[in-house]
>>> print(open('entry34.cif').read())   # mmCIF, C-alpha atoms and all ligand atoms
data_run
#
loop_
_atom_site.group_PDB
_atom_site.id
_atom_site.type_symbol
_atom_site.label_atom_id
_atom_site.label_comp_id
_atom_site.auth_asym_id
_atom_site.auth_seq_id
_atom_site.Cartn_x
_atom_site.Cartn_y
_atom_site.Cartn_z
ATOM 1 C CA MET A 1 2.911 31.482 2.116
ATOM 2 C CA PRO A 2 5.835 31.319 -0.342
ATOM 3 C CA ARG A 3 4.990 31.935 -3.989
ATOM 4 C CA VAL A 4 5.666 28.328 -4.946
ATOM 5 C CA ALA A 5 3.086 27.175 -2.401
ATOM 6 C CA HIS A 6 0.479 29.401 -4.099
ATOM 7 C CA ALA A 7 1.424 27.894 -7.445
ATOM 8 C CA LEU A 8 1.067 24.397 -6.024
ATOM 9 C CA VAL A 9 -2.351 25.176 -4.559
ATOM 10 C CA ALA A 10 -3.462 26.619 -7.905
ATOM 11 C CA LEU A 11 -2.259 23.504 -9.695
ATOM 12 C CA SER A 12 -4.014 21.281 -7.153
ATOM 13 C CA LEU A 13 -7.286 23.078 -7.810
ATOM 14 C CA LEU A 14 -6.735 22.663 -11.523
ATOM 15 C CA LEU A 15 -6.107 18.972 -10.967
ATOM 16 C CA ALA A 16 -9.219 18.579 -8.844
ATOM 17 C CA GLY A 17 -11.227 20.284 -11.577
ATOM 18 C CA CYS A 18 -9.977 17.836 -14.178
ATOM 19 C CA ALA A 19 -12.045 14.827 -13.188
ATOM 20 C CA PRO A 20 -14.512 13.802 -15.895
ATOM 21 C CA PRO A 21 -18.210 13.701 -14.959
ATOM 22 C CA ALA A 22 -18.973 10.538 -12.989
ATOM 23 C CA LYS A 23 -20.370 7.851 -15.248
ATOM 24 C CA ASP A 24 -23.465 6.171 -13.830
ATOM 25 C CA ALA A 25 -22.836 2.940 -11.976
ATOM 26 C CA GLU A 26 -19.317 2.232 -13.118
ATOM 27 C CA ARG A 27 -17.256 0.943 -10.275
ATOM 28 C CA PRO A 28 -13.978 2.741 -9.502
ATOM 29 C CA LEU A 29 -10.752 0.714 -9.657
ATOM 30 C CA ARG A 30 -9.768 -0.740 -6.294
ATOM 31 C CA ILE A 31 -6.075 -0.307 -5.767
ATOM 32 C CA THR A 32 -3.891 -1.412 -2.874
ATOM 33 C CA THR A 33 -0.577 0.379 -2.332
ATOM 34 C CA THR A 34 2.234 0.197 0.217
ATOM 35 C CA VAL A 35 4.027 3.413 1.353
ATOM 36 C CA SER A 36 2.041 6.633 1.794
ATOM 37 C CA MET A 37 4.001 8.587 -0.865
ATOM 38 C CA LEU A 38 2.740 6.104 -3.420
ATOM 39 C CA THR A 39 -0.793 6.087 -1.965
ATOM 40 C CA ASP A 40 -0.905 9.897 -2.337
ATOM 41 C CA LEU A 41 0.433 9.701 -5.904
ATOM 42 C CA VAL A 42 -2.102 7.061 -6.999
ATOM 43 C CA ARG A 43 -4.996 9.045 -5.468
ATOM 44 C CA THR A 44 -3.821 12.143 -7.327
ATOM 45 C CA ILE A 45 -3.501 10.436 -10.717
ATOM 46 C CA GLY A 46 -6.620 8.288 -10.310
ATOM 47 C CA GLY A 47 -8.902 10.948 -8.808
ATOM 48 C CA GLU A 48 -12.473 9.797 -8.326
ATOM 49 C CA ARG A 49 -11.905 6.786 -10.567
ATOM 50 C CA VAL A 50 -9.952 4.936 -7.898
ATOM 51 C CA ILE A 51 -10.397 3.752 -4.326
ATOM 52 C CA VAL A 52 -6.942 3.378 -2.824
ATOM 53 C CA HIS A 53 -6.071 1.360 0.284
ATOM 54 C CA GLY A 54 -2.597 2.249 1.519
ATOM 55 C CA LEU A 55 -1.146 -0.411 3.790
ATOM 56 C CA MET A 56 1.548 1.741 5.448
ATOM 57 C CA GLY A 57 0.550 4.972 7.187
ATOM 58 C CA ALA A 58 2.456 7.695 9.012
ATOM 59 C CA GLY A 59 5.541 6.611 10.946
ATOM 60 C CA VAL A 60 5.667 3.132 9.378
ATOM 61 C CA ASP A 61 9.048 1.792 8.241
ATOM 62 C CA PRO A 62 8.585 -0.130 4.955
ATOM 63 C CA HIS A 63 11.907 -1.964 5.291
ATOM 64 C CA LEU A 64 10.655 -3.771 8.401
ATOM 65 C CA TYR A 65 6.919 -3.923 7.685
ATOM 66 C CA LYS A 66 5.253 -7.341 7.768
ATOM 67 C CA PRO A 67 1.825 -7.779 6.148
ATOM 68 C CA THR A 68 -1.077 -8.423 8.541
ATOM 69 C CA ILE A 69 -4.042 -10.726 7.932
ATOM 70 C CA GLY A 70 -6.123 -7.617 7.116
ATOM 71 C CA ASP A 71 -3.537 -6.559 4.535
ATOM 72 C CA VAL A 72 -3.749 -9.895 2.770
ATOM 73 C CA ALA A 73 -7.524 -9.403 2.476
ATOM 74 C CA LYS A 74 -6.996 -5.897 1.010
ATOM 75 C CA LEU A 75 -4.500 -7.339 -1.462
ATOM 76 C CA ASP A 76 -6.865 -10.173 -2.450
ATOM 77 C CA ASP A 77 -9.633 -7.659 -2.995
ATOM 78 C CA ALA A 78 -7.653 -5.294 -5.251
ATOM 79 C CA ASP A 79 -8.022 -4.858 -9.012
ATOM 80 C CA LEU A 80 -4.435 -3.612 -9.058
ATOM 81 C CA ILE A 81 -1.563 -3.708 -6.548
ATOM 82 C CA LEU A 82 1.137 -1.042 -6.777
ATOM 83 C CA TYR A 83 4.295 -1.030 -4.674
ATOM 84 C CA ILE A 84 7.664 0.711 -4.956
ATOM 85 C CA GLY A 85 9.891 -2.357 -5.284
ATOM 86 C CA LEU A 86 13.717 -2.446 -5.500
ATOM 87 C CA HIS A 87 13.502 -4.217 -2.091
ATOM 88 C CA LEU A 88 11.987 -1.199 -0.292
ATOM 89 C CA GLU A 89 9.177 -3.362 1.102
ATOM 90 C CA GLY A 90 11.685 -5.975 2.248
ATOM 91 C CA ARG A 91 9.326 -8.375 3.979
ATOM 92 C CA MET A 92 6.533 -8.105 1.394
ATOM 93 C CA ALA A 93 8.562 -8.751 -1.759
ATOM 94 C CA GLU A 94 8.085 -12.511 -1.491
ATOM 95 C CA LEU A 95 4.304 -12.143 -1.237
ATOM 96 C CA PHE A 96 4.181 -9.765 -4.233
ATOM 97 C CA HIS A 97 6.285 -12.082 -6.368
ATOM 98 C CA LYS A 98 4.037 -14.988 -5.448
ATOM 99 C CA MET A 99 0.927 -12.989 -6.400
ATOM 100 C CA ALA A 100 2.507 -11.916 -9.694
ATOM 101 C CA ARG A 101 3.352 -15.538 -10.505
ATOM 102 C CA ALA A 102 -0.299 -16.424 -9.821
ATOM 103 C CA GLY A 103 -1.307 -13.917 -12.519
ATOM 104 C CA ARG A 104 -2.433 -11.046 -10.236
ATOM 105 C CA PRO A 105 -1.793 -7.494 -11.518
ATOM 106 C CA VAL A 106 1.082 -6.470 -9.230
ATOM 107 C CA ILE A 107 3.530 -3.754 -10.314
ATOM 108 C CA GLY A 108 6.672 -2.465 -8.608
ATOM 109 C CA VAL A 109 6.573 1.083 -9.971
ATOM 110 C CA ALA A 110 10.228 1.954 -9.330
ATOM 111 C CA GLU A 111 11.232 -1.250 -11.086
ATOM 112 C CA ALA A 112 9.644 0.190 -14.245
ATOM 113 C CA LEU A 113 12.179 3.071 -14.257
ATOM 114 C CA ASN A 114 15.213 3.205 -16.535
ATOM 115 C CA PRO A 115 18.035 1.680 -14.417
ATOM 116 C CA GLU A 116 20.380 4.366 -15.698
ATOM 117 C CA ARG A 117 18.366 6.914 -13.707
ATOM 118 C CA LEU A 118 18.762 4.915 -10.474
ATOM 119 C CA ILE A 119 21.502 4.989 -7.838
ATOM 120 C CA ARG A 120 23.239 1.627 -7.759
ATOM 121 C CA THR A 121 24.060 0.379 -4.252
ATOM 122 C CA SER A 122 25.661 -2.930 -5.229
ATOM 123 C CA GLU A 123 26.026 -4.998 -8.358
ATOM 124 C CA GLN A 124 22.527 -6.417 -7.886
ATOM 125 C CA SER A 125 20.636 -3.635 -6.137
ATOM 126 C CA TYR A 126 19.455 -0.048 -6.440
ATOM 127 C CA ASP A 127 18.448 2.632 -3.952
ATOM 128 C CA PRO A 128 14.613 2.407 -3.709
ATOM 129 C CA HIS A 129 13.990 5.922 -2.218
ATOM 130 C CA VAL A 130 13.113 7.378 -5.639
ATOM 131 C CA TRP A 131 10.537 9.932 -4.357
ATOM 132 C CA PHE A 132 13.334 12.253 -3.197
ATOM 133 C CA ASP A 133 14.180 13.274 -6.764
ATOM 134 C CA PRO A 134 11.015 15.081 -7.931
ATOM 135 C CA LEU A 135 11.795 14.504 -11.611
ATOM 136 C CA LEU A 136 12.331 10.790 -11.042
ATOM 137 C CA TRP A 137 9.082 10.755 -9.058
ATOM 138 C CA GLY A 138 7.478 12.290 -12.149
ATOM 139 C CA GLU A 139 8.600 9.222 -14.085
ATOM 140 C CA VAL A 140 6.939 7.075 -11.421
ATOM 141 C CA ALA A 141 3.779 9.160 -12.010
ATOM 142 C CA SER A 142 3.963 8.151 -15.694
ATOM 143 C CA ALA A 143 4.357 4.489 -14.710
ATOM 144 C CA VAL A 144 1.296 4.799 -12.428
ATOM 145 C CA ALA A 145 -0.745 6.501 -15.189
ATOM 146 C CA ASP A 146 0.240 3.671 -17.558
ATOM 147 C CA ALA A 147 -0.771 1.024 -15.002
ATOM 148 C CA LEU A 148 -4.152 2.709 -14.413
ATOM 149 C CA SER A 149 -4.663 3.099 -18.174
ATOM 150 C CA ALA A 150 -3.961 -0.593 -18.736
ATOM 151 C CA ALA A 151 -6.509 -1.528 -16.055
ATOM 152 C CA ASP A 152 -9.089 1.027 -17.275
ATOM 153 C CA PRO A 153 -8.284 1.847 -20.950
ATOM 154 C CA GLU A 154 -11.376 4.037 -21.450
ATOM 155 C CA ARG A 155 -9.932 6.667 -19.153
ATOM 156 C CA ARG A 156 -6.405 6.682 -20.484
ATOM 157 C CA ALA A 157 -6.604 10.386 -21.436
ATOM 158 C CA PHE A 158 -7.805 11.326 -17.934
ATOM 159 C CA TYR A 159 -4.962 9.467 -16.180
ATOM 160 C CA GLN A 160 -2.339 10.775 -18.594
ATOM 161 C CA ARG A 161 -3.539 14.362 -18.203
ATOM 162 C CA ASN A 162 -3.450 14.090 -14.414
ATOM 163 C CA ALA A 163 0.089 12.735 -14.634
ATOM 164 C CA ALA A 164 1.121 15.675 -16.835
ATOM 165 C CA ILE A 165 -0.333 18.191 -14.354
ATOM 166 C CA TYR A 166 1.373 16.392 -11.466
ATOM 167 C CA GLN A 167 4.680 16.540 -13.359
ATOM 168 C CA ALA A 168 4.239 20.308 -13.812
ATOM 169 C CA GLN A 169 3.795 20.588 -10.025
ATOM 170 C CA LEU A 170 6.936 18.530 -9.523
ATOM 171 C CA GLY A 171 8.824 20.885 -11.838
ATOM 172 C CA ALA A 172 7.750 23.844 -9.671
ATOM 173 C CA LEU A 173 8.756 21.930 -6.539
ATOM 174 C CA ASP A 174 12.170 21.178 -8.040
ATOM 175 C CA ALA A 175 12.815 24.873 -8.711
ATOM 176 C CA TYR A 176 11.679 25.754 -5.174
ATOM 177 C CA ILE A 177 14.001 23.187 -3.585
ATOM 178 C CA ARG A 178 16.944 24.332 -5.686
ATOM 179 C CA ALA A 179 16.383 27.946 -4.585
ATOM 180 C CA ARG A 180 16.078 27.006 -0.893
ATOM 181 C CA ILE A 181 19.154 24.754 -0.846
ATOM 182 C CA ALA A 182 21.139 27.607 -2.396
ATOM 183 C CA GLU A 183 20.663 29.453 0.934
ATOM 184 C CA ILE A 184 22.952 26.929 2.662
ATOM 185 C CA PRO A 185 26.663 27.800 2.376
ATOM 186 C CA VAL A 186 28.315 25.209 0.118
ATOM 187 C CA GLU A 187 30.635 23.841 2.823
ATOM 188 C CA ARG A 188 27.639 23.175 5.112
ATOM 189 C CA ARG A 189 25.667 21.085 2.636
ATOM 190 C CA VAL A 190 26.020 17.827 4.569
ATOM 191 C CA LEU A 191 22.849 15.923 5.459
ATOM 192 C CA ILE A 192 23.231 13.341 8.248
ATOM 193 C CA THR A 193 20.221 11.138 9.027
ATOM 194 C CA ALA A 194 19.383 7.807 10.662
ATOM 195 C CA HIS A 195 19.403 5.805 7.418
ATOM 196 C CA ASP A 196 20.406 6.405 3.814
ATOM 197 C CA ALA A 197 17.051 7.553 2.414
ATOM 198 C CA PHE A 198 18.250 10.838 0.919
ATOM 199 C CA GLY A 199 20.651 9.676 -1.796
ATOM 200 C CA TYR A 200 18.489 10.934 -4.675
ATOM 201 C CA PHE A 201 17.850 14.223 -2.873
ATOM 202 C CA GLY A 202 21.571 14.746 -2.310
ATOM 203 C CA ALA A 203 22.459 13.828 -5.879
ATOM 204 C CA ARG A 204 19.900 16.211 -7.350
ATOM 205 C CA TYR A 205 20.550 19.216 -5.075
ATOM 206 C CA GLY A 206 24.237 18.887 -4.348
ATOM 207 C CA LEU A 207 24.232 17.747 -0.719
ATOM 208 C CA GLU A 208 26.587 15.170 0.688
ATOM 209 C CA VAL A 209 24.382 12.611 2.457
ATOM 210 C CA ILE A 210 25.436 10.270 5.233
ATOM 211 C CA GLY A 211 23.031 7.728 6.730
ATOM 212 C CA LEU A 212 24.049 5.974 9.900
ATOM 213 C CA GLN A 213 22.279 2.730 9.003
ATOM 214 C CA GLY A 214 22.815 2.465 5.258
ATOM 215 C CA ILE A 215 20.031 1.976 2.707
ATOM 216 C CA ASN A 216 18.073 -0.521 4.754
ATOM 217 C CA THR A 217 16.981 -0.002 8.380
ATOM 218 C CA ALA A 218 17.148 -3.773 8.947
ATOM 219 C CA THR A 219 20.925 -3.438 9.326
ATOM 220 C CA GLU A 220 21.503 -1.878 12.727
ATOM 221 C CA ALA A 221 24.268 0.607 13.406
ATOM 222 C CA GLY A 222 26.962 -0.601 15.772
ATOM 223 C CA ALA A 223 28.783 1.378 18.472
ATOM 224 C CA ARG A 224 31.747 1.759 16.126
ATOM 225 C CA ASP A 225 29.551 3.359 13.408
ATOM 226 C CA VAL A 226 28.193 5.802 15.985
ATOM 227 C CA GLN A 227 31.703 6.794 17.120
ATOM 228 C CA ALA A 228 32.998 7.143 13.546
ATOM 229 C CA LEU A 229 30.108 9.412 12.592
ATOM 230 C CA ALA A 230 30.515 11.497 15.786
ATOM 231 C CA GLU A 231 34.199 11.926 14.949
ATOM 232 C CA LEU A 232 33.330 13.145 11.439
ATOM 233 C CA ILE A 233 30.698 15.569 12.811
ATOM 234 C CA ALA A 234 33.141 17.041 15.343
ATOM 235 C CA ARG A 235 35.995 17.282 12.821
ATOM 236 C CA ARG A 236 33.856 18.988 10.184
ATOM 237 C CA GLN A 237 31.931 21.034 12.769
ATOM 238 C CA ILE A 238 28.541 20.025 11.419
ATOM 239 C CA ARG A 239 25.790 22.077 13.075
ATOM 240 C CA SER A 240 22.757 19.807 12.841
ATOM 241 C CA ILE A 241 21.850 16.189 12.261
ATOM 242 C CA PHE A 242 18.344 14.863 11.705
ATOM 243 C CA VAL A 243 16.024 12.153 13.028
ATOM 244 C CA GLU A 244 13.414 10.498 10.825
ATOM 245 C CA THR A 245 9.731 9.986 11.618
ATOM 246 C CA SER A 246 9.756 6.300 10.600
ATOM 247 C CA VAL A 247 13.010 5.306 12.351
ATOM 248 C CA SER A 248 13.790 5.218 16.086
ATOM 249 C CA PRO A 249 15.554 8.469 17.109
ATOM 250 C CA ASN A 250 17.849 6.585 19.511
ATOM 251 C CA THR A 251 20.778 6.065 17.149
ATOM 252 C CA ILE A 252 20.895 9.725 16.074
ATOM 253 C CA ARG A 253 20.652 10.761 19.737
ATOM 254 C CA ALA A 254 23.594 8.440 20.472
ATOM 255 C CA VAL A 255 25.576 10.152 17.686
ATOM 256 C CA GLN A 256 24.699 13.561 19.150
ATOM 257 C CA ALA A 257 25.873 12.454 22.631
ATOM 258 C CA ALA A 258 29.111 11.017 21.207
ATOM 259 C CA ALA A 259 29.832 14.260 19.298
ATOM 260 C CA GLN A 260 29.131 16.285 22.457
ATOM 261 C CA ALA A 261 31.560 14.024 24.351
ATOM 262 C CA ARG A 262 34.158 15.124 21.801
ATOM 263 C CA GLY A 263 33.415 18.744 22.607
ATOM 264 C CA TRP A 264 31.245 19.538 19.567
ATOM 265 C CA PRO A 265 27.661 20.633 20.403
ATOM 266 C CA VAL A 266 25.807 19.310 17.350
ATOM 267 C CA ALA A 267 22.037 19.951 17.377
ATOM 268 C CA ILE A 268 19.158 17.710 16.316
ATOM 269 C CA GLY A 269 17.826 19.840 13.439
ATOM 270 C CA GLY A 270 14.352 18.292 13.558
ATOM 271 C CA ALA A 271 12.512 15.280 12.193
ATOM 272 C CA LEU A 272 12.460 14.522 8.484
ATOM 273 C CA PHE A 273 9.868 12.427 6.720
ATOM 274 C CA SER A 274 11.894 9.785 4.920
ATOM 275 C CA ASP A 275 9.938 6.613 4.192
ATOM 276 C CA ALA A 276 6.433 7.703 5.232
ATOM 277 C CA LEU A 277 4.343 10.882 4.931
ATOM 278 C CA GLY A 278 2.861 12.619 7.977
ATOM 279 C CA ASP A 279 -0.625 11.969 9.337
ATOM 280 C CA GLU A 280 -3.437 12.038 6.804
ATOM 281 C CA GLY A 281 -5.114 15.435 6.824
ATOM 282 C CA SER A 282 -1.974 17.258 8.024
ATOM 283 C CA PRO A 283 0.088 19.372 5.564
ATOM 284 C CA GLU A 284 2.846 16.731 5.679
ATOM 285 C CA GLY A 285 0.293 14.053 4.828
ATOM 286 C CA THR A 286 0.771 14.859 1.136
ATOM 287 C CA TYR A 287 3.879 14.413 -0.978
ATOM 288 C CA PHE A 288 4.249 18.149 -1.617
ATOM 289 C CA GLY A 289 3.704 19.111 2.028
ATOM 290 C CA MET A 290 6.211 16.459 3.123
ATOM 291 C CA MET A 291 8.859 17.733 0.707
ATOM 292 C CA GLN A 292 8.299 21.341 1.752
ATOM 293 C CA HIS A 293 8.594 20.395 5.456
ATOM 294 C CA ASN A 294 11.822 18.477 4.836
ATOM 295 C CA VAL A 295 13.397 21.261 2.787
ATOM 296 C CA GLU A 296 12.532 23.918 5.359
ATOM 297 C CA THR A 297 13.842 21.733 8.214
ATOM 298 C CA ILE A 298 17.093 20.978 6.371
ATOM 299 C CA VAL A 299 17.705 24.595 5.340
ATOM 300 C CA GLU A 300 16.979 25.944 8.847
ATOM 301 C CA GLY A 301 19.200 23.293 10.429
ATOM 302 C CA LEU A 302 22.204 23.757 8.169
ATOM 303 C CA LYS A 303 22.377 27.376 7.028
HETATM 304 ZN ZN ZN B 401 14.370 3.691 3.700
#
>>> encode(input="entry34.cif", output="structure tokens")
Amino acid sequence: MPRVAHALVALSLLLAGCAPPAKDAERPLRITTTVSMLTDLVRTIGGERVIVHGLMGAGVDPHLYKPTIGDVAKLDDADLILYIGLHLEGRMAELFHKMARAGRPVIGVAEALNPERLIRTSEQSYDPHVWFDPLLWGEVASAVADALSAADPERRAFYQRNAAIYQAQLGALDAYIRARIAEIPVERRVLITAHDAFGYFGARYGLEVIGLQGINTATEAGARDVQALAELIARRQIRSIFVETSVSPNTIRAVQAAAQARGWPVAIGGALFSDALGDEGSPEGTYFGMMQHNVETIVEGLK
């Protein structure tokens, strides 16, 4: 196990040991979240003081996700609803806005970030995939700790301390990623995926990122996009491109076939977790395990 992984395990144990003694019959906060990165974050900051229902599990694409009847019940039941926002949960935004107008505690955690820290994608919109910059994700952790503290002011110190420990883990992760990416020769630092989820990752670690489908998977790639990307891959002799666990692999396979037709044998470097963690209970079912998997897959595919 790499040294950073040991450090992360040690920090996790420290975090687990931080929970205050359970107070008699006090009911934990019931929180409903959307994507699994956020579910994992809220469970980490809230510890035993929260019961978190995540609506979107492994392999689920938040851009296309429509709430079910069961989801509406979980939302009605919640003391607090946390989502990413910035149009990530495209088909749920309307419902969240309606609930907020009705006075329900609903917070889009990425919308609480300083816009200057965000990647602008048009005059009116920002890239919502903020978890791929660990330091920005640390700011989301602060926003979550603030939201939990507002809902449960007696435990403010507990939530804030957990957020601080989580941010220390993110700092270690950031150093680990920087060291691993440095193993890829500079001219090969090009990350090609099914959709544009890795903008923050590329900006932080110096990779050029190209997503076939843009920021939102609702816009489908056309045959011309596939050919243009294949041409770029062949011209620049890119070794590997990547599928994503929450997006159909068909478009990336089409790009691979089109590059091969041009005489360049590009490989599929593996599957990255972009908009959902892995299965609960697997190493990739946590934020840190997901990031480590992605970094190892990217480095092996490109170096
Ligand atoms: Zn996405």
>>> residues_near_ligand(input="entry34.cif", ligand="ligand ZN 401 (chain B)", cutoff="8 Å", atoms="all atoms listed in the file", output="list of chain:residue names")
A:Asp61, A:Pro62, A:His63, A:Leu88, A:Pro128, A:His129, A:His195, A:Asp196, A:Ala197, A:Ile215, A:Asn216, A:Thr217, A:Ser274, A:Asp275
>>> residues_around(input="entry34.cif", residues="Glu139 (chain A)", least_positions_apart="2", cutoff="12 Å", atoms="all atoms listed in the file", output="PyMOL selection string")
chain A and resi 41+109-114+117-118+130-131+133-137+141-146+160+163-164+166-168+170-171
>>> write_last_selection(input="entry34.cif", atoms="C-alpha atoms", output="compact mmCIF listing (two decimals), in the frame of the given file")
# COMPACT_ATOMS: atom_id res chain seq x y z
CA LEU A 41 0.43 9.70 -5.90
CA VAL A 109 6.57 1.08 -9.97
CA ALA A 110 10.23 1.95 -9.33
CA GLU A 111 11.23 -1.25 -11.09
CA ALA A 112 9.64 0.19 -14.24
CA LEU A 113 12.18 3.07 -14.26
CA ASN A 114 15.21 3.20 -16.54
CA ARG A 117 18.37 6.91 -13.71
CA LEU A 118 18.76 4.92 -10.47
CA VAL A 130 13.11 7.38 -5.64
CA TRP A 131 10.54 9.93 -4.36
CA ASP A 133 14.18 13.27 -6.76
CA PRO A 134 11.02 15.08 -7.93
CA LEU A 135 11.80 14.50 -11.61
CA LEU A 136 12.33 10.79 -11.04
CA TRP A 137 9.08 10.76 -9.06
CA ALA A 141 3.78 9.16 -12.01
CA SER A 142 3.96 8.15 -15.69
CA ALA A 143 4.36 4.49 -14.71
CA VAL A 144 1.30 4.80 -12.43
CA ALA A 145 -0.74 6.50 -15.19
CA ASP A 146 0.24 3.67 -17.56
CA GLN A 160 -2.34 10.78 -18.59
CA ALA A 163 0.09 12.74 -14.63
CA ALA A 164 1.12 15.68 -16.84
CA TYR A 166 1.37 16.39 -11.47
CA GLN A 167 4.68 16.54 -13.36
CA ALA A 168 4.24 20.31 -13.81
CA LEU A 170 6.94 18.53 -9.52
CA GLY A 171 8.82 20.88 -11.84
>>> residues_around(input="entry34.cif", residues="Arg253 (chain A)", least_positions_apart="4", cutoff="10 Å", atoms="only C-alpha atoms", output="number ranges by chain")
A: 194, 226, 241-243, 248-249, 257-259, 267-268
>>> resolve_selection(input="entry34.cif", expression="the PyMOL selection byres (((chain A and resi 148-155) around 12) and not hetatm)", output="VMD selection string")
chain A and resid 19 to 23 26 to 31 41 to 52 78 to 82 104 to 107 109 141 to 147 156 to 163
>>> write_last_selection(input="entry34.cif", atoms="C-alpha atoms", output="compact mmCIF listing (two decimals), in the coordinates of the input")
# COMPACT_ATOMS: atom_id res chain seq x y z
CA ALA A 19 -12.04 14.83 -13.19
CA PRO A 20 -14.51 13.80 -15.90
CA PRO A 21 -18.21 13.70 -14.96
CA ALA A 22 -18.97 10.54 -12.99
CA LYS A 23 -20.37 7.85 -15.25
CA GLU A 26 -19.32 2.23 -13.12
CA ARG A 27 -17.26 0.94 -10.28
CA PRO A 28 -13.98 2.74 -9.50
CA LEU A 29 -10.75 0.71 -9.66
CA ARG A 30 -9.77 -0.74 -6.29
CA ILE A 31 -6.08 -0.31 -5.77
CA LEU A 41 0.43 9.70 -5.90
CA VAL A 42 -2.10 7.06 -7.00
CA ARG A 43 -5.00 9.04 -5.47
CA THR A 44 -3.82 12.14 -7.33
CA ILE A 45 -3.50 10.44 -10.72
CA GLY A 46 -6.62 8.29 -10.31
CA GLY A 47 -8.90 10.95 -8.81
CA GLU A 48 -12.47 9.80 -8.33
CA ARG A 49 -11.90 6.79 -10.57
CA VAL A 50 -9.95 4.94 -7.90
CA ILE A 51 -10.40 3.75 -4.33
CA VAL A 52 -6.94 3.38 -2.82
CA ALA A 78 -7.65 -5.29 -5.25
CA ASP A 79 -8.02 -4.86 -9.01
CA LEU A 80 -4.43 -3.61 -9.06
CA ILE A 81 -1.56 -3.71 -6.55
CA LEU A 82 1.14 -1.04 -6.78
CA ARG A 104 -2.43 -11.05 -10.24
CA PRO A 105 -1.79 -7.49 -11.52
CA VAL A 106 1.08 -6.47 -9.23
CA ILE A 107 3.53 -3.75 -10.31
CA VAL A 109 6.57 1.08 -9.97
CA ALA A 141 3.78 9.16 -12.01
CA SER A 142 3.96 8.15 -15.69
CA ALA A 143 4.36 4.49 -14.71
CA VAL A 144 1.30 4.80 -12.43
CA ALA A 145 -0.74 6.50 -15.19
CA ASP A 146 0.24 3.67 -17.56
CA ALA A 147 -0.77 1.02 -15.00
CA ARG A 156 -6.40 6.68 -20.48
CA ALA A 157 -6.60 10.39 -21.44
CA PHE A 158 -7.80 11.33 -17.93
CA TYR A 159 -4.96 9.47 -16.18
CA GLN A 160 -2.34 10.78 -18.59
CA ARG A 161 -3.54 14.36 -18.20
CA ASN A 162 -3.45 14.09 -14.41
CA ALA A 163 0.09 12.74 -14.63
>>> resolve_selection(input="entry34.cif", expression="the PyMOL selection byres (((chain A and resi 301) around 9) and not hetatm)", output="compact mmCIF listing (two decimals) with C-alpha atoms, keeping the file's coordinate frame")
# COMPACT_ATOMS: atom_id res chain seq x y z
CA ARG A 239 25.79 22.08 13.08
CA SER A 240 22.76 19.81 12.84
CA ILE A 241 21.85 16.19 12.26
CA PHE A 242 18.34 14.86 11.70
CA ALA A 267 22.04 19.95 17.38
CA ILE A 268 19.16 17.71 16.32
CA GLY A 269 17.83 19.84 13.44
CA GLY A 270 14.35 18.29 13.56
CA GLU A 296 12.53 23.92 5.36
CA THR A 297 13.84 21.73 8.21
CA ILE A 298 17.09 20.98 6.37
CA VAL A 299 17.70 24.60 5.34
CA GLU A 300 16.98 25.94 8.85
CA LEU A 302 22.20 23.76 8.17
CA LYS A 303 22.38 27.38 7.03
>>> atom_distance(input="entry34.cif", atom1="CA of Ala182 (chain A)", atom2="CA of Gln169 (chain A)")
20.2 Å
>>> atom_distance(input="entry34.cif", atom1="CA of Val190 (chain A)", atom2="CA of Val140 (chain A)")
27.1 Å
>>> residues_around(input="entry34.cif", residues="Ala234 (chain A)", least_positions_apart="3", cutoff="10 Å", atoms="only C-alpha atoms", output="JSON, numbers by chain")
{"A": [229, 230, 231, 237, 238, 239, 256, 258, 259, 260, 261, 262, 263, 264, 265, 266]}
>>> write_last_selection(input="entry34.cif", atoms="C-alpha atoms", output="tab-separated table (two decimals), in the coordinates of the input")
chain	number	residue	atom	x	y	z
A	229	LEU	CA	30.11	9.41	12.59
A	230	ALA	CA	30.52	11.50	15.79
A	231	GLU	CA	34.20	11.93	14.95
A	237	GLN	CA	31.93	21.03	12.77
A	238	ILE	CA	28.54	20.02	11.42
A	239	ARG	CA	25.79	22.08	13.08
A	256	GLN	CA	24.70	13.56	19.15
A	258	ALA	CA	29.11	11.02	21.21
A	259	ALA	CA	29.83	14.26	19.30
A	260	GLN	CA	29.13	16.28	22.46
A	261	ALA	CA	31.56	14.02	24.35
A	262	ARG	CA	34.16	15.12	21.80
A	263	GLY	CA	33.42	18.74	22.61
A	264	TRP	CA	31.24	19.54	19.57
A	265	PRO	CA	27.66	20.63	20.40
A	266	VAL	CA	25.81	19.31	17.35
>>> atom_distance(input="entry34.cif", atom1="CA of Glu183 (chain A)", atom2="CA of Thr251 (chain A)")
28.5 Å
>>> residues_around(input="entry34.cif", residues="Gln124 (chain A)", least_positions_apart="3", cutoff="12 Å", atoms="all atoms listed in the file", output="NGL selection string")
:A and (86-87 or 115 or 119-121 or 127)
>>> resolve_selection(input="entry34.cif", expression="the PyMOL selection byres (((chain A and resi 55) around 10) and not hetatm)", output="list in words")
Thr32, Thr33, Thr34, Val35, Ser36, Thr39, Val52, His53, Gly54, Met56, Gly57, Val60, Pro62, Tyr65, Pro67, Thr68, Gly70, Asp71, Val72, Lys74 and Leu75 of chain A
